[in-house]
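Notes for the one structure printed next.
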Amino acid sequence: MTMELTGEQLKITETRLKKYLPRSQQVYGYLVLMNRSDQVRADPVKVLVDRWPEFNVIICKPQYEKGDLFKDTPVFANDEAILEETIRKSSVIDWTRFLCLGINLRHVDIFKAVASEKNVPSCKLAVCHMMILKDVSDLPSIDSSMDESHVGLVNQSWKFAKTREAVGMIRNMLANFPSCCVLDAEAKPVAWILTYPTCAMGMLHTLPEHRGKGYAKVLVSTMAKRLHAQGYPVYCFIEEENEVSYNLFKNLGFTEDPSHREAWFQFNDL
């Protein structure tokens, strides 16, 4: 049996998830934004737990609107047997539709096994370092943000945006979550960074003709300071093979738990 958390339960769960950091970081970040609806408009999502008040599994199940299919489903679990039992339930995971699951790399075999039982095709999207920053005091900053008019620009540069379905997710991020950009002489963005619904920084990109100018460093620094000032966790995910980004964040003071990796798996096709 699972239940959906609401109201004060979400605030209590946010606090309890702190003791499981960094493994709970994605779900924790989701709840941080949900519990601060006066500051940001969080994605509509159902937060499901295996039991309450002592939970073993939390799944942030996104609610889809027309044309809005590209959304991640963050999962946290501290008991793999209960996790496996929970994700078999159709009321928790709809295995008939497109899914992009953000999970601890240690749980991958469980999800692949359940998907195989249900004859659901899967593919690995990324395995990432999770980098966290605690001290933002020495970082530089700028003061420019993006808006919904920049959806196309971001969509065409993001490696995972192979289809138009990502547009809705990017539009929501630009409209409702912190962003930062560097503008050229014509006030057009040439480099930018956004915030995911899990509060993670991401989609960092500099147009090719503007690289080598230190824009990425300033963008990451600015975003880190903004998030920290609003009481949000300051963290990001770096794909294992992306050494350039990994070194950038590491040199800015981000650290990681080397025993932890986060993985994204896609099930079914869009």
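Labels for the structure tokens follow display order: chains A, B, ..., residues from 1 in each chain, ligands from 1.
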Problem - Long-range neighbours of A:Met1 as a PyMOL selection string, 10 Å cut-off, only C-alpha atoms, 6 positions minimum in chain - result: chain A and resi 49-51+85-86+89+91-92
Write out as CSV the residues of stretch 100-146 of chain A that have any atom within 9 Å of an atom of stretch 7-28 of chain A, one row each with the nearest atom pair and its distance in Å to one decimal, counting only C-alpha atoms, sorted by chain and then rising number.
residue,atom,partner,partner_atom,distance
A:Gly102,CA,A:Gln26,CA,8.0
A:Ile103,CA,A:Gln26,CA,8.7
A:Asn104,CA,A:Arg23,CA,7.1
A:Met130,CA,A:Pro22,CA,8.3
A:Ile132,CA,A:Pro22,CA,8.7
Please, could you write that set of residues out with N, CA and C atoms as a PDB file, in the first residue's frame?
ATOM      1  N   GLY A 102      15.045   9.069 -12.392  1.00  0.00           N
ATOM      2  CA  GLY A 102      16.286   9.488 -11.757  1.00  0.00           C
ATOM      3  C   GLY A 102      16.490   8.688 -10.491  1.00  0.00           C
ATOM      4  N   ILE A 103      17.493   7.786 -10.491  1.00  0.00           N
ATOM      5  CA  ILE A 103      17.640   6.828  -9.405  1.00  0.00           C
ATOM      6  C   ILE A 103      19.102   6.693  -8.977  1.00  0.00           C
ATOM      7  N   ASN A 104      19.297   6.166  -7.773  1.00  0.00           N
ATOM      8  CA  ASN A 104      20.623   5.788  -7.326  1.00  0.00           C
ATOM      9  C   ASN A 104      21.127   4.663  -8.231  1.00  0.00           C
ATOM     10  N   MET A 130      27.376  13.513  -8.533  1.00  0.00           N
ATOM     11  CA  MET A 130      26.546  14.534  -7.911  1.00  0.00           C
ATOM     12  C   MET A 130      27.457  15.464  -7.123  1.00  0.00           C
ATOM     13  N   ILE A 132      28.133  18.898  -4.894  1.00  0.00           N
ATOM     14  CA  ILE A 132      27.426  19.747  -3.932  1.00  0.00           C
ATOM     15  C   ILE A 132      28.352  20.861  -3.459  1.00  0.00           C
TER      16      ILE A 132
END
Handout entry: Residue with smallest distance to A:Thr255 - pool A:Ile142, A:Leu133, A:Cys181, A:Leu31, counting only C-alpha atoms
Key =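 Smallest separation from A:Thr255 among the options: A:Leu133.
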Practice task
Name the residues of stretch 68-116 of chain A that fall into alpha helix (DSSP H) according to DSSP on the backbone, using the chain letters and numbers of this document, as a ChimeraX atom specification.
Solution key: /A:80-87,108-116
Go ahead and save the picked residues with N, CA and C atoms, as a CSV table (one decimal), in the first residue's frame.
chain,number,residue,atom,x,y,z
A,80,GLU,N,15.8,-1.9,-0.6
A,80,GLU,CA,15.6,-2.4,-2.0
A,80,GLU,C,14.5,-3.4,-2.2
A,81,ALA,N,14.2,-4.2,-1.2
A,81,ALA,CA,13.1,-5.1,-1.3
A,81,ALA,C,11.8,-4.4,-1.4
A,82,ILE,N,11.6,-3.4,-0.5
A,82,ILE,CA,10.4,-2.6,-0.6
A,82,ILE,C,10.3,-1.8,-1.8
A,83,LEU,N,11.4,-1.3,-2.3
A,83,LEU,CA,11.5,-0.5,-3.6
A,83,LEU,C,10.9,-1.4,-4.7
A,84,GLU,N,11.5,-2.6,-4.8
A,84,GLU,CA,11.0,-3.5,-5.9
A,84,GLU,C,9.5,-3.8,-5.8
A,85,GLU,N,9.1,-4.0,-4.6
A,85,GLU,CA,7.6,-4.3,-4.4
A,85,GLU,C,6.8,-3.1,-4.8
A,86,THR,N,7.3,-1.9,-4.5
A,86,THR,CA,6.5,-0.7,-4.7
A,86,THR,C,6.4,-0.3,-6.2
A,87,ILE,N,7.5,-0.5,-6.9
A,87,ILE,CA,7.5,0.0,-8.4
A,87,ILE,C,6.8,-1.0,-9.3
A,108,VAL,N,19.7,0.3,-10.2
A,108,VAL,CA,19.4,0.1,-11.6
A,108,VAL,C,18.9,-1.3,-11.9
A,109,ASP,N,19.6,-2.3,-11.3
A,109,ASP,CA,19.2,-3.7,-11.7
A,109,ASP,C,17.7,-4.0,-11.3
A,110,ILE,N,17.3,-3.4,-10.2
A,110,ILE,CA,15.9,-3.6,-9.8
A,110,ILE,C,14.9,-3.1,-10.8
A,111,PHE,N,15.2,-1.8,-11.3
A,111,PHE,CA,14.3,-1.2,-12.3
A,111,PHE,C,14.3,-2.0,-13.6
A,112,LYS,N,15.5,-2.4,-14.0
A,112,LYS,CA,15.6,-3.2,-15.2
A,112,LYS,C,14.9,-4.5,-15.1
A,113,ALA,N,15.0,-5.1,-14.0
A,113,ALA,CA,14.3,-6.4,-13.8
A,113,ALA,C,12.8,-6.3,-13.9
A,114,VAL,N,12.3,-5.3,-13.2
A,114,VAL,CA,10.8,-5.1,-13.2
A,114,VAL,C,10.4,-4.7,-14.6
A,115,ALA,N,11.1,-3.8,-15.3
A,115,ALA,CA,10.8,-3.5,-16.7
A,115,ALA,C,10.8,-4.7,-17.6
A,116,SER,N,11.8,-5.6,-17.4
A,116,SER,CA,11.8,-6.8,-18.2
A,116,SER,C,10.6,-7.7,-18.0
Handout entry: Surrounding residues of stretch 149-152 of chain A excluding itself and chain neighbours under 2 positions, 8 Å, only C-alpha atoms, as a PyMOL selection string
Key = chain A and resi 146-147+154-156+167+170-171+174
Practice task
Run DSSP on the backbone and give me the residues of stretch 48-255 of chain A it puts in strand (DSSP E), as number ranges by chain.
Solution key: A: 48-49, 57-62, 72-77, 99-104, 122-132, 180-183, 189-195, 201-206, 235-239
Exercise for the section: Please identify all polymer residues within 6 Å of stretch 195-212 of chain A, counting only C-alpha atoms, omitting same-chain residues fewer than 3 positions from it, and present them as a list in words. Expected result: Gln26, Gly29, Tyr30, Phe177, Pro178, Val190, Ala191, Trp192, Tyr235 and Cys236 of chain A
Practice task
Quick one: everything within 8 Å of A:Leu48, counting only C-alpha atoms, minus sequence neighbours fewer than 6 positions away in the same chain. Send it as a ChimeraX atom specification.
Solution key: /A:2-5,58-61,92
With all heavy atoms kept, could you save the residues just selected as a PDB file, in the first residue's frame?
ATOM      1  N   THR A   2       0.524   2.226  -0.817  1.00  0.00           N
ATOM      2  CA  THR A   2       1.239   3.498  -0.834  1.00  0.00           C
ATOM      3  C   THR A   2       0.264   4.624  -0.524  1.00  0.00           C
ATOM      4  O   THR A   2      -0.947   4.469  -0.624  1.00  0.00           O
ATOM      5  CB  THR A   2       1.875   3.758  -2.215  1.00  0.00           C
ATOM      6  OG1 THR A   2       0.840   3.735  -3.220  1.00  0.00           O
ATOM      7  CG2 THR A   2       2.922   2.720  -2.533  1.00  0.00           C
ATOM      8  N   MET A   3       0.825   5.779  -0.157  1.00  0.00           N
ATOM      9  CA  MET A   3      -0.020   6.932   0.108  1.00  0.00           C
ATOM     10  C   MET A   3       0.641   8.185  -0.431  1.00  0.00           C
ATOM     11  O   MET A   3       1.865   8.242  -0.590  1.00  0.00           O
ATOM     12  CB  MET A   3      -0.294   7.082   1.604  1.00  0.00           C
ATOM     13  CG  MET A   3       0.924   7.386   2.445  1.00  0.00           C
ATOM     14  SD  MET A   3       0.490   7.766   4.168  1.00  0.00           S
ATOM     15  CE  MET A   3      -0.289   9.381   3.986  1.00  0.00           C
ATOM     16  N   GLU A   4      -0.178   9.185  -0.735  1.00  0.00           N
ATOM     17  CA  GLU A   4       0.320  10.459  -1.239  1.00  0.00           C
ATOM     18  C   GLU A   4       0.462  11.440  -0.078  1.00  0.00           C
ATOM     19  O   GLU A   4      -0.447  11.573   0.750  1.00  0.00           O
ATOM     20  CB  GLU A   4      -0.631  11.036  -2.284  1.00  0.00           C
ATOM     21  CG  GLU A   4      -0.172  12.376  -2.837  1.00  0.00           C
ATOM     22  CD  GLU A   4      -1.148  12.972  -3.829  1.00  0.00           C
ATOM     23  OE1 GLU A   4      -2.161  12.301  -4.156  1.00  0.00           O
ATOM     24  OE2 GLU A   4      -0.920  14.116  -4.280  1.00  0.00           O
ATOM     25  N   LEU A   5       1.608  12.123  -0.041  1.00  0.00           N
ATOM     26  CA  LEU A   5       1.849  13.110   1.001  1.00  0.00           C
ATOM     27  C   LEU A   5       1.289  14.464   0.588  1.00  0.00           C
ATOM     28  O   LEU A   5       1.350  14.853  -0.578  1.00  0.00           O
ATOM     29  CB  LEU A   5       3.345  13.242   1.271  1.00  0.00           C
ATOM     30  CG  LEU A   5       4.085  11.975   1.700  1.00  0.00           C
ATOM     31  CD1 LEU A   5       5.538  12.303   2.002  1.00  0.00           C
ATOM     32  CD2 LEU A   5       3.413  11.329   2.910  1.00  0.00           C
ATOM     33  N   ILE A  58      10.354   6.802  -1.522  1.00  0.00           N
ATOM     34  CA  ILE A  58       9.636   8.006  -1.958  1.00  0.00           C
ATOM     35  C   ILE A  58       9.773   8.113  -3.466  1.00  0.00           C
ATOM     36  O   ILE A  58      10.881   8.012  -4.010  1.00  0.00           O
ATOM     37  CB  ILE A  58      10.199   9.285  -1.314  1.00  0.00           C
ATOM     38  CG1 ILE A  58      10.135   9.201   0.208  1.00  0.00           C
ATOM     39  CG2 ILE A  58       9.424  10.510  -1.808  1.00  0.00           C
ATOM     40  CD1 ILE A  58      10.665  10.456   0.887  1.00  0.00           C
ATOM     41  N   ILE A  59       8.657   8.340  -4.144  1.00  0.00           N
ATOM     42  CA  ILE A  59       8.655   8.520  -5.592  1.00  0.00           C
ATOM     43  C   ILE A  59       7.918   9.815  -5.909  1.00  0.00           C
ATOM     44  O   ILE A  59       6.773  10.009  -5.487  1.00  0.00           O
ATOM     45  CB  ILE A  59       7.982   7.344  -6.305  1.00  0.00           C
ATOM     46  CG1 ILE A  59       8.774   6.050  -6.046  1.00  0.00           C
ATOM     47  CG2 ILE A  59       7.855   7.609  -7.807  1.00  0.00           C
ATOM     48  CD1 ILE A  59       8.146   4.815  -6.626  1.00  0.00           C
ATOM     49  N   CYS A  60       8.576  10.706  -6.625  1.00  0.00           N
ATOM     50  CA  CYS A  60       7.956  11.958  -7.066  1.00  0.00           C
ATOM     51  C   CYS A  60       7.380  11.726  -8.454  1.00  0.00           C
ATOM     52  O   CYS A  60       8.104  11.755  -9.454  1.00  0.00           O
ATOM     53  CB  CYS A  60       8.979  13.089  -7.085  1.00  0.00           C
ATOM     54  SG  CYS A  60       9.646  13.492  -5.462  1.00  0.00           S
ATOM     55  N   LYS A  61       6.106  11.472  -8.504  1.00  0.00           N
ATOM     56  CA  LYS A  61       5.428  11.095  -9.742  1.00  0.00           C
ATOM     57  C   LYS A  61       4.865  12.328 -10.433  1.00  0.00           C
ATOM     58  O   LYS A  61       3.909  12.932  -9.953  1.00  0.00           O
ATOM     59  CB  LYS A  61       4.297  10.105  -9.420  1.00  0.00           C
ATOM     60  CG  LYS A  61       3.589   9.551 -10.639  1.00  0.00           C
ATOM     61  CD  LYS A  61       2.547   8.530 -10.210  1.00  0.00           C
ATOM     62  CE  LYS A  61       1.831   7.931 -11.399  1.00  0.00           C
ATOM     63  NZ  LYS A  61       0.820   6.926 -10.982  1.00  0.00           N
ATOM     64  N   VAL A  92       1.669   3.270  -8.894  1.00  0.00           N
ATOM     65  CA  VAL A  92       2.862   4.035  -8.548  1.00  0.00           C
ATOM     66  C   VAL A  92       3.680   4.358  -9.797  1.00  0.00           C
ATOM     67  O   VAL A  92       4.027   5.502 -10.050  1.00  0.00           O
ATOM     68  CB  VAL A  92       3.733   3.245  -7.540  1.00  0.00           C
ATOM     69  CG1 VAL A  92       5.019   4.013  -7.235  1.00  0.00           C
ATOM     70  CG2 VAL A  92       2.952   2.989  -6.266  1.00  0.00           C
TER      71      VAL A  92
END
Taking 2 positions as the minimum chain separation for residues in the same chain, which residues sit within 12 Å of A:Ala229 when counting only C-alpha atoms? Answer as a PDB file with N, CA, C and O atoms, in the first residue's frame.
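To be explicit, this is the file written out as result_18.pdb:
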ATOM      1  N   LYS A 134      28.830  23.949  -0.575  1.00  0.00           N
ATOM      2  CA  LYS A 134      28.362  24.433   0.728  1.00  0.00           C
ATOM      3  C   LYS A 134      28.777  25.875   1.019  1.00  0.00           C
ATOM      4  O   LYS A 134      28.113  26.583   1.769  1.00  0.00           O
ATOM      5  N   ASP A 135      29.898  26.329   0.449  1.00  0.00           N
ATOM      6  CA  ASP A 135      30.395  27.675   0.717  1.00  0.00           C
ATOM      7  C   ASP A 135      30.381  28.492  -0.572  1.00  0.00           C
ATOM      8  O   ASP A 135      31.095  28.174  -1.526  1.00  0.00           O
ATOM      9  N   VAL A 136      29.560  29.538  -0.647  1.00  0.00           N
ATOM     10  CA  VAL A 136      29.438  30.353  -1.863  1.00  0.00           C
ATOM     11  C   VAL A 136      30.068  31.731  -1.683  1.00  0.00           C
ATOM     12  O   VAL A 136      29.951  32.591  -2.559  1.00  0.00           O
ATOM     13  N   SER A 137      30.738  31.960  -0.587  1.00  0.00           N
ATOM     14  CA  SER A 137      31.162  33.314  -0.201  1.00  0.00           C
ATOM     15  C   SER A 137      32.143  33.957  -1.172  1.00  0.00           C
ATOM     16  O   SER A 137      32.155  35.184  -1.308  1.00  0.00           O
ATOM     17  N   PRO A 178      14.842  29.565 -11.013  1.00  0.00           N
ATOM     18  CA  PRO A 178      15.960  30.490 -11.258  1.00  0.00           C
ATOM     19  C   PRO A 178      16.769  30.107 -12.500  1.00  0.00           C
ATOM     20  O   PRO A 178      16.982  28.934 -12.795  1.00  0.00           O
ATOM     21  N   THR A 222      27.146  32.481 -10.107  1.00  0.00           N
ATOM     22  CA  THR A 222      25.966  33.313  -9.900  1.00  0.00           C
ATOM     23  C   THR A 222      24.771  32.480  -9.461  1.00  0.00           C
ATOM     24  O   THR A 222      24.055  32.828  -8.512  1.00  0.00           O
ATOM     25  N   MET A 223      24.553  31.370 -10.153  1.00  0.00           N
ATOM     26  CA  MET A 223      23.414  30.528  -9.815  1.00  0.00           C
ATOM     27  C   MET A 223      23.566  29.947  -8.411  1.00  0.00           C
ATOM     28  O   MET A 223      22.596  29.873  -7.641  1.00  0.00           O
ATOM     29  N   ALA A 224      24.771  29.540  -8.070  1.00  0.00           N
ATOM     30  CA  ALA A 224      25.011  28.996  -6.729  1.00  0.00           C
ATOM     31  C   ALA A 224      24.662  30.019  -5.658  1.00  0.00           C
ATOM     32  O   ALA A 224      24.026  29.697  -4.642  1.00  0.00           O
ATOM     33  N   LYS A 225      25.055  31.253  -5.856  1.00  0.00           N
ATOM     34  CA  LYS A 225      24.778  32.298  -4.868  1.00  0.00           C
ATOM     35  C   LYS A 225      23.280  32.595  -4.773  1.00  0.00           C
ATOM     36  O   LYS A 225      22.742  32.824  -3.684  1.00  0.00           O
ATOM     37  N   ARG A 226      22.592  32.590  -5.921  1.00  0.00           N
ATOM     38  CA  ARG A 226      21.142  32.838  -5.907  1.00  0.00           C
ATOM     39  C   ARG A 226      20.407  31.740  -5.149  1.00  0.00           C
ATOM     40  O   ARG A 226      19.531  32.007  -4.316  1.00  0.00           O
ATOM     41  N   LEU A 227      20.737  30.504  -5.454  1.00  0.00           N
ATOM     42  CA  LEU A 227      20.069  29.388  -4.787  1.00  0.00           C
ATOM     43  C   LEU A 227      20.360  29.389  -3.293  1.00  0.00           C
ATOM     44  O   LEU A 227      19.456  29.193  -2.473  1.00  0.00           O
ATOM     45  N   GLY A 231      17.866  29.813   0.263  1.00  0.00           N
ATOM     46  CA  GLY A 231      17.763  28.659   1.147  1.00  0.00           C
ATOM     47  C   GLY A 231      17.627  27.333   0.441  1.00  0.00           C
ATOM     48  O   GLY A 231      17.240  26.330   1.057  1.00  0.00           O
ATOM     49  N   TYR A 232      17.965  27.299  -0.866  1.00  0.00           N
ATOM     50  CA  TYR A 232      17.855  26.062  -1.634  1.00  0.00           C
ATOM     51  C   TYR A 232      19.177  25.295  -1.600  1.00  0.00           C
ATOM     52  O   TYR A 232      20.247  25.893  -1.457  1.00  0.00           O
ATOM     53  N   PRO A 233      19.122  23.965  -1.766  1.00  0.00           N
ATOM     54  CA  PRO A 233      20.377  23.200  -1.872  1.00  0.00           C
ATOM     55  C   PRO A 233      21.116  23.597  -3.146  1.00  0.00           C
ATOM     56  O   PRO A 233      20.493  23.884  -4.165  1.00  0.00           O
ATOM     57  N   VAL A 234      22.434  23.626  -3.081  1.00  0.00           N
ATOM     58  CA  VAL A 234      23.261  24.010  -4.233  1.00  0.00           C
ATOM     59  C   VAL A 234      23.996  22.769  -4.709  1.00  0.00           C
ATOM     60  O   VAL A 234      24.958  22.318  -4.083  1.00  0.00           O
TER      61      VAL A 234
END
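Minimum atom-to-atom distances from A:Glu240, A:Ala175, A:Trp158, A:Phe70 to A:Ala42 were compared using only C-alpha atoms, and the lowest value belongs to A:Ala175.
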Exercise for the section: Please identify all polymer residues within 8 Å of stretch 243-249 of chain A, counting only C-alpha atoms, omitting same-chain residues fewer than 3 positions from it, and present them as number ranges by chain. Expected result: A: 131, 217, 220, 238, 240, 252-254
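Closest approach to A:Cys100 from the set A:Arg88, A:Lys46, A:His228, A:Lys124 is made by A:Lys124, with distances taken over only C-alpha atoms.
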